[in-house]
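Engineer: If it helps, the file is called work11.pdb and holds PDB, C-alpha atoms, pLDDT in the B column:
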```pdb
ATOM      1  CA  MET A   1       0.143  -2.944 -15.467  1.00 94.00           C
ATOM      2  CA  LYS A   2       2.928  -4.193 -13.266  1.00 96.00           C
ATOM      3  CA  LEU A   3       4.247  -3.844  -9.745  1.00 97.00           C
ATOM      4  CA  ILE A   4       7.867  -2.820  -9.455  1.00 97.00           C
ATOM      5  CA  ASP A   5      10.242  -2.304  -6.578  1.00 97.00           C
ATOM      6  CA  PRO A   6      11.179   1.341  -5.985  1.00 98.00           C
ATOM      7  CA  GLN A   7      13.904   2.584  -8.327  1.00 97.00           C
ATOM      8  CA  VAL A   8      15.942   5.785  -8.378  1.00 98.00           C
ATOM      9  CA  SER A   9      15.389   6.028 -12.143  1.00 97.00           C
ATOM     10  CA  TYR A  10      11.722   6.876 -11.519  1.00 97.00           C
ATOM     11  CA  GLN A  11      12.448   9.904  -9.307  1.00 97.00           C
ATOM     12  CA  LYS A  12      10.750  12.442 -11.590  1.00 96.00           C
ATOM     13  CA  GLU A  13       7.641  10.295 -11.933  1.00 96.00           C
ATOM     14  CA  TYR A  14       7.496   9.549  -8.201  1.00 97.00           C
ATOM     15  CA  LEU A  15       7.764  13.236  -7.298  1.00 96.00           C
ATOM     16  CA  ALA A  16       5.003  14.078  -9.807  1.00 96.00           C
ATOM     17  CA  MET A  17       2.786  11.471  -8.153  1.00 95.00           C
ATOM     18  CA  LEU A  18       3.490  12.930  -4.702  1.00 95.00           C
ATOM     19  CA  GLN A  19       2.676  16.407  -5.977  1.00 95.00           C
ATOM     20  CA  ASP A  20      -0.697  15.159  -7.233  1.00 94.00           C
ATOM     21  CA  TRP A  21      -1.459  13.951  -3.700  1.00 93.00           C
ATOM     22  CA  ILE A  22      -0.191  17.155  -2.101  1.00 94.00           C
ATOM     23  CA  ASN A  23      -2.376  19.218  -4.443  1.00 95.00           C
ATOM     24  CA  THR A  24      -5.494  17.428  -3.172  1.00 94.00           C
ATOM     25  CA  GLY A  25      -4.613  17.929   0.491  1.00 91.00           C
ATOM     26  CA  GLU A  26      -5.476  14.283   1.147  1.00 90.00           C
ATOM     27  CA  GLU A  27      -3.623  12.004   3.501  1.00 88.00           C
ATOM     28  CA  MET A  28      -1.080   9.979   1.542  1.00 91.00           C
ATOM     29  CA  VAL A  29      -1.607   6.233   1.889  1.00 91.00           C
ATOM     30  CA  PRO A  30       0.252   3.918   2.353  1.00 94.00           C
ATOM     31  CA  PHE A  31       2.561   5.313   5.007  1.00 92.00           C
ATOM     32  CA  PRO A  32       5.880   5.115   3.056  1.00 92.00           C
ATOM     33  CA  LEU A  33       4.593   7.961   0.864  1.00 94.00           C
ATOM     34  CA  GLY A  34       5.337  10.144   3.878  1.00 92.00           C
ATOM     35  CA  TYR A  35       9.035   9.248   3.942  1.00 94.00           C
ATOM     36  CA  GLU A  36      11.461  12.137   3.498  1.00 94.00           C
ATOM     37  CA  HIS A  37      12.324  12.230  -0.191  1.00 94.00           C
ATOM     38  CA  THR A  38      14.665  15.212  -0.642  1.00 95.00           C
ATOM     39  CA  ASP A  39      17.523  12.686  -0.820  1.00 97.00           C
ATOM     40  CA  PHE A  40      15.699  10.412  -3.242  1.00 97.00           C
ATOM     41  CA  PRO A  41      18.369   7.683  -3.524  1.00 97.00           C
ATOM     42  CA  LYS A  42      18.458   7.434   0.278  1.00 97.00           C
ATOM     43  CA  MET A  43      14.653   7.112   0.402  1.00 97.00           C
ATOM     44  CA  VAL A  44      14.706   4.336  -2.218  1.00 97.00           C
ATOM     45  CA  GLU A  45      17.446   2.573  -0.252  1.00 96.00           C
ATOM     46  CA  LYS A  46      15.332   2.785   2.913  1.00 94.00           C
ATOM     47  CA  LEU A  47      12.303   1.362   1.078  1.00 95.00           C
ATOM     48  CA  LEU A  48      14.342  -1.537  -0.285  1.00 96.00           C
ATOM     49  CA  GLU A  49      16.067  -2.242   3.046  1.00 94.00           C
ATOM     50  CA  SER A  50      12.734  -2.503   4.879  1.00 94.00           C
ATOM     51  CA  LYS A  51      12.344  -6.006   3.430  1.00 93.00           C
ATOM     52  CA  ASN A  52      15.257  -7.202   5.564  1.00 90.00           C
ATOM     53  CA  VAL A  53      15.871  -4.537   8.214  1.00 82.00           C
ATOM     54  CA  ARG A  54      13.380  -3.717  10.958  1.00 78.00           C
ATOM     55  CA  ASP A  55      12.840  -0.123  11.930  1.00 76.00           C
ATOM     56  CA  LYS A  56      11.900   0.287  15.585  1.00 76.00           C
ATOM     57  CA  GLY A  57       8.270  -0.728  16.010  1.00 76.00           C
ATOM     58  CA  PHE A  58       7.911  -1.971  12.431  1.00 87.00           C
ATOM     59  CA  VAL A  59       7.690  -5.429  10.941  1.00 94.00           C
ATOM     60  CA  PHE A  60       9.522  -6.335   7.740  1.00 95.00           C
ATOM     61  CA  HIS A  61       7.646  -4.740   4.850  1.00 96.00           C
ATOM     62  CA  SER A  62       7.900  -4.262   1.092  1.00 97.00           C
ATOM     63  CA  THR A  63       6.812  -1.223  -0.893  1.00 97.00           C
ATOM     64  CA  HIS A  64       5.830  -1.550  -4.545  1.00 98.00           C
ATOM     65  CA  TRP A  65       4.871   0.938  -7.236  1.00 98.00           C
ATOM     66  CA  LEU A  66       2.094   0.206  -9.729  1.00 98.00           C
ATOM     67  CA  MET A  67       3.207   1.254 -13.204  1.00 97.00           C
ATOM     68  CA  ASN A  68       0.858   1.673 -16.131  1.00 95.00           C
ATOM     69  CA  ASP A  69       1.747   1.063 -19.772  1.00 93.00           C
ATOM     70  CA  GLU A  70       3.031   4.653 -20.106  1.00 94.00           C
ATOM     71  CA  ASN A  71       5.486   4.165 -17.194  1.00 92.00           C
ATOM     72  CA  LYS A  72       3.446   6.392 -14.897  1.00 95.00           C
ATOM     73  CA  ILE A  73       3.345   5.475 -11.223  1.00 97.00           C
ATOM     74  CA  VAL A  74      -0.391   5.216 -10.619  1.00 97.00           C
ATOM     75  CA  GLY A  75      -0.311   3.663  -7.168  1.00 97.00           C
ATOM     76  CA  VAL A  76       1.743   2.431  -4.237  1.00 98.00           C
ATOM     77  CA  SER A  77       1.283  -0.614  -2.034  1.00 98.00           C
ATOM     78  CA  ASN A  78       2.966  -1.669   1.174  1.00 97.00           C
ATOM     79  CA  LEU A  79       3.017  -5.325   2.193  1.00 98.00           C
ATOM     80  CA  ARG A  80       3.725  -6.191   5.814  1.00 97.00           C
ATOM     81  CA  HIS A  81       5.408  -9.597   5.949  1.00 97.00           C
ATOM     82  CA  GLU A  82       3.835 -10.430   9.309  1.00 95.00           C
ATOM     83  CA  LEU A  83       1.314  -8.963  11.725  1.00 95.00           C
ATOM     84  CA  ASN A  84       1.916  -7.533  15.161  1.00 93.00           C
ATOM     85  CA  ASP A  85      -0.731  -6.547  17.720  1.00 92.00           C
ATOM     86  CA  ASN A  86      -1.122  -3.045  16.227  1.00 91.00           C
ATOM     87  CA  LEU A  87      -1.503  -4.293  12.641  1.00 94.00           C
ATOM     88  CA  LEU A  88      -4.190  -6.730  13.770  1.00 93.00           C
ATOM     89  CA  ILE A  89      -6.225  -3.706  14.855  1.00 91.00           C
ATOM     90  CA  GLU A  90      -5.363  -1.277  12.067  1.00 91.00           C
ATOM     91  CA  GLY A  91      -3.263  -1.634   8.949  1.00 93.00           C
ATOM     92  CA  GLY A  92      -3.268  -5.369   8.329  1.00 96.00           C
ATOM     93  CA  HIS A  93      -0.943  -6.985   5.816  1.00 98.00           C
ATOM     94  CA  ILE A  94      -1.488  -4.589   2.909  1.00 98.00           C
ATOM     95  CA  GLY A  95      -1.976  -0.871   2.538  1.00 97.00           C
ATOM     96  CA  TYR A  96      -2.393   0.747  -0.854  1.00 97.00           C
ATOM     97  CA  GLY A  97      -3.223   4.051  -2.472  1.00 96.00           C
ATOM     98  CA  ILE A  98      -3.991   5.210  -5.980  1.00 97.00           C
ATOM     99  CA  ARG A  99      -2.747   8.511  -7.363  1.00 96.00           C
ATOM    100  CA  PRO A 100      -5.680  10.969  -7.299  1.00 94.00           C
ATOM    101  CA  GLY A 101      -5.966  11.461 -11.069  1.00 93.00           C
ATOM    102  CA  TYR A 102      -6.071   7.719 -11.726  1.00 95.00           C
ATOM    103  CA  ARG A 103      -8.878   6.641  -9.420  1.00 94.00           C
ATOM    104  CA  LYS A 104     -12.105   4.878 -10.432  1.00 93.00           C
ATOM    105  CA  LYS A 105     -10.346   3.047 -13.270  1.00 94.00           C
ATOM    106  CA  GLY A 106      -9.822  -0.337 -11.603  1.00 95.00           C
ATOM    107  CA  TYR A 107      -6.255   0.381 -10.490  1.00 97.00           C
ATOM    108  CA  ALA A 108      -6.999  -0.200  -6.801  1.00 97.00           C
ATOM    109  CA  THR A 109      -8.406  -3.652  -7.509  1.00 97.00           C
ATOM    110  CA  LYS A 110      -5.336  -4.412  -9.644  1.00 98.00           C
ATOM    111  CA  ILE A 111      -2.754  -3.170  -7.127  1.00 98.00           C
ATOM    112  CA  LEU A 112      -4.351  -5.208  -4.345  1.00 98.00           C
ATOM    113  CA  ALA A 113      -4.483  -8.334  -6.541  1.00 98.00           C
ATOM    114  CA  LEU A 114      -0.830  -7.954  -7.538  1.00 98.00           C
ATOM    115  CA  THR A 115       0.225  -7.305  -3.937  1.00 98.00           C
ATOM    116  CA  LEU A 116      -1.663 -10.418  -2.829  1.00 98.00           C
ATOM    117  CA  GLU A 117       0.522 -12.356  -5.302  1.00 98.00           C
ATOM    118  CA  LYS A 118       3.589 -10.893  -3.552  1.00 98.00           C
ATOM    119  CA  ALA A 119       2.106 -11.956  -0.205  1.00 98.00           C
ATOM    120  CA  LYS A 120       1.625 -15.496  -1.489  1.00 98.00           C
ATOM    121  CA  ALA A 121       5.277 -15.583  -2.565  1.00 97.00           C
ATOM    122  CA  LEU A 122       6.195 -14.776   1.061  1.00 96.00           C
ATOM    123  CA  GLY A 123       4.101 -17.705   2.304  1.00 97.00           C
ATOM    124  CA  ILE A 124       1.159 -15.639   3.541  1.00 97.00           C
ATOM    125  CA  GLN A 125      -1.971 -17.749   3.034  1.00 97.00           C
ATOM    126  CA  LYS A 126      -4.539 -15.375   4.482  1.00 98.00           C
ATOM    127  CA  ALA A 127      -4.150 -11.590   4.348  1.00 98.00           C
ATOM    128  CA  LEU A 128      -5.756  -9.013   6.619  1.00 98.00           C
ATOM    129  CA  ILE A 129      -6.820  -5.805   4.862  1.00 98.00           C
ATOM    130  CA  THR A 130      -8.355  -2.925   6.824  1.00 96.00           C
ATOM    131  CA  CYS A 131     -10.144   0.260   5.839  1.00 95.00           C
ATOM    132  CA  ASN A 132     -12.310   2.960   7.335  1.00 94.00           C
ATOM    133  CA  LYS A 133     -15.976   2.113   6.914  1.00 95.00           C
ATOM    134  CA  GLU A 134     -16.579   5.467   5.204  1.00 94.00           C
ATOM    135  CA  ASN A 135     -14.048   4.554   2.497  1.00 93.00           C
ATOM    136  CA  ILE A 136     -16.548   2.793   0.252  1.00 94.00           C
ATOM    137  CA  GLY A 137     -14.101   2.621  -2.673  1.00 93.00           C
ATOM    138  CA  SER A 138     -11.551   0.736  -0.595  1.00 95.00           C
ATOM    139  CA  ALA A 139     -14.195  -1.649   0.745  1.00 96.00           C
ATOM    140  CA  LYS A 140     -15.301  -2.386  -2.851  1.00 97.00           C
ATOM    141  CA  THR A 141     -11.672  -2.999  -3.830  1.00 97.00           C
ATOM    142  CA  ILE A 142     -11.270  -5.496  -0.995  1.00 98.00           C
ATOM    143  CA  LEU A 143     -14.542  -7.219  -1.875  1.00 98.00           C
ATOM    144  CA  ASN A 144     -13.467  -7.375  -5.542  1.00 97.00           C
ATOM    145  CA  ASN A 145     -10.460  -9.368  -4.319  1.00 98.00           C
ATOM    146  CA  LYS A 146     -12.686 -11.821  -2.389  1.00 98.00           C
ATOM    147  CA  GLY A 147     -12.342 -10.121   0.983  1.00 98.00           C
ATOM    148  CA  VAL A 148     -14.590 -11.358   3.778  1.00 98.00           C
ATOM    149  CA  LEU A 149     -15.589  -8.884   6.485  1.00 97.00           C
ATOM    150  CA  GLU A 150     -14.512 -10.211   9.860  1.00 96.00           C
ATOM    151  CA  LYS A 151     -15.476  -7.317  12.107  1.00 96.00           C
ATOM    152  CA  GLU A 152     -16.049  -3.611  12.541  1.00 96.00           C
ATOM    153  CA  HIS A 153     -14.599  -1.711  15.479  1.00 94.00           C
ATOM    154  CA  LEU A 154     -13.765   1.825  16.532  1.00 93.00           C
ATOM    155  CA  VAL A 155     -10.229   3.130  16.020  1.00 91.00           C
ATOM    156  CA  ASP A 156      -9.594   6.742  17.012  1.00 90.00           C
ATOM    157  CA  GLY A 157     -13.304   7.515  16.797  1.00 92.00           C
ATOM    158  CA  LYS A 158     -13.746   6.055  13.297  1.00 93.00           C
ATOM    159  CA  MET A 159     -15.368   2.778  12.378  1.00 96.00           C
ATOM    160  CA  GLN A 160     -12.730   0.397  11.027  1.00 95.00           C
ATOM    161  CA  GLN A 161     -13.487  -2.689   8.948  1.00 97.00           C
ATOM    162  CA  ASN A 162     -11.236  -5.757   9.001  1.00 97.00           C
ATOM    163  CA  TYR A 163     -11.386  -8.101   6.024  1.00 98.00           C
ATOM    164  CA  TRP A 164      -9.554 -11.365   5.405  1.00 98.00           C
ATOM    165  CA  ILE A 165      -8.601 -12.614   1.963  1.00 98.00           C
ATOM    166  CA  GLU A 166      -7.686 -16.270   1.413  1.00 98.00           C
ATOM    167  CA  ILE A 167      -4.727 -16.485  -0.973  1.00 96.00           C
ATOM    168  CA  PRO A 168      -5.067 -19.654  -3.064  1.00 88.00           C
TER     169      PRO A 168
END
```
Show how you would write the structure in this file as structure tokens.
Structural biologist:
Amino acid sequence: MKLIDPQVSYQKEYLAMLQDWINTGEEMVPFPLGYEHTDFPKMVEKLLESKNVRDKGFVFHSTHWLMNDENKIVGVSNLRHELNDNLLIEGGHIGYGIRPGYRKKGYATKILALTLEKAKALGIQKALITCNKENIGSAKTILNNKGVLEKEHLVDGKMQQNYWIEIP
């Protein structure tokens, strides 16, 4: 398992992953999965530029793809390099999602751990991770990575949990 930066060479695999999500009807998380992808090279360029170029209302952020040993994209993470007022309420430093057919195999715990390493490389010493309280799998993933629940609060009528993870 490894995290890679987005690459045009994985277009077919990326589109297959998106189709898996579309087939379930689930919301695609993290948010960059919703980027327009009909011009795939342009989408990859946008993902890579987000490390150094701020879109309006966004902080610098990095998107990574979790690849398994068969070169399948099994998950996506998005690391926000800093927090703004909105991310302190919802979103935090890291958002991640695992391709529907690859869940309950430890990939979520792995993608979060690997993304925390990326956060450490950016100088982030303590990462905020948020999830809906009803998302028990995500809460377990955060706890598996030594997350400590700070608070629960309502966001758009749903109970949100905010966890902090110390990055040694």
Engineer: May I have the protein, DNA and RNA residues with an atom at most 10 Å from (5.6, 6.0, 0.3), counting only C-alpha atoms in the file's coordinates, returned as a list in words?
Structural biologist: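 Neighbouring residues, ordered by chain and number, come to Pro6, Tyr14, Leu18, Met28, Val29, Pro30, Phe31, Pro32, Leu33, Gly34, Tyr35, Glu36, His37, Met43, Val44, Leu47, Thr63, His64, Trp65, Gly75, Val76, Ser77, Asn78, Tyr96 and Gly97 of chain A.
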Engineer: Give me, as a PyMOL selection string, all polymer residues having an atom no more than 8 Å from Asn132 in chain A, counting only C-alpha atoms and skipping those fewer than 6 positions away in the same chain.
Structural biologist: chain A and resi 158-161
Engineer: Taking (-8.2, 10.2, -1.2) in the file's own coordinates, collect the residues within 10 Å, counting only C-alpha atoms, and hand them back as a PyMOL selection string.
Structural biologist: chain A and resi 21+24-29+97-100+103+135+137
Engineer: Name all residues at most 8 Å from Leu114 in chain A (count only C-alpha atoms; drop same-chain ones fewer than 3 positions away) and give them as JSON, numbers by chain.
Structural biologist: {"A": [2, 3, 110, 111, 117, 118]}
Engineer: Compare A:Gln125, A:Ile165, A:Tyr107, A:Ala139 by their minimum atom-to-atom distance to Ile73 in chain A, counting all atoms listed in the file, and give me the closest one.
Structural biologist: A:Tyr107
Engineer: Suppose you want the space between CA of Leu128 in chain A and CA of Asn162 in chain A; what is it in Å?
Structural biologist: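 Atom-to-atom, CA of Leu128 in chain A and CA of Asn162 in chain A are spaced 6.8 Å apart.
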Engineer: How far is it from CA of Phe40 in chain A to CA of Gln11 in chain A, in Å with one decimal?
Structural biologist: 6.9 Å
Engineer: Determine the residue set returned by the PyMOL selection byres ((chain A and resi 80-87) around 8) for the present structure, and present it as a list in words.
Structural biologist: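 Matching residues under the PyMOL selection byres ((chain A and resi 80-87) around 8) are Val59, Phe60, His61, Ser62, Asn78, Leu79, Leu88, Ile89, Glu90, Gly91, Gly92, His93, Ile94, Ala119, Leu122 and Ile124 of chain A.
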Engineer: What separation in Å, quoted to one decimal, exists between CA of Phe58 in chain A and CA of Ser9 in chain A?
Structural biologist: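 One can read the CA of Phe58 in chain A to CA of Ser9 in chain A distance as 26.9 Å.
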Engineer: Carefully work through the PyMOL selection byres ((chain A and resi 144) around 10) for this structure and note down the residues it includes, as a list in words.
Structural biologist: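 After applying the PyMOL selection byres ((chain A and resi 144) around 10), what remains is Gly106, Ala108, Thr109, Lys110, Leu112, Ala113, Ser138, Ala139, Lys140, Thr141, Ile142, Leu143, Asn145, Lys146 and Gly147 of chain A.
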Engineer: Which one is closest to Lys133 in chain A: A:Lys51, A:Leu154, A:Gln19, A:Lys12? Count all atoms listed in the file.
Structural biologist: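 Selected residue with least distance to Lys133 in chain A: A:Leu154.
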Engineer: Restricting the calculation to only C-alpha atoms, which member of A:Lys126, A:Val74, A:Glu150, A:Pro168 is positioned closest to Met1 in chain A?
Structural biologist: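 Checking each candidate against Met1 in chain A, we get A:Val74 as the closest.
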Engineer: Let me make sure I understand: among A:Leu66, A:Ile129, A:Lys151, A:Gly101, which one has the smallest atom-to-atom distance to Trp164 in chain A if we use only C-alpha atoms?
Structural biologist: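 Among the listed residues, the smallest separation from Trp164 in chain A belongs to A:Ile129.
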Engineer: Pick the closest to Asp39 in chain A from A:Val8, A:Leu149, A:Cys131, A:Ile167: which is it, counting all atoms listed in the file?
Structural biologist: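 Counting all atoms listed in the file, the residue closest to Asp39 in chain A is A:Val8.
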Engineer: Considering only C-alpha atoms, can you say which of A:Ala127, A:Met17, A:Ile22, A:Leu48 comes closest to Thr115 in chain A?
Structural biologist: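 With only C-alpha atoms as the atom set, the closest residue is A:Ala127.
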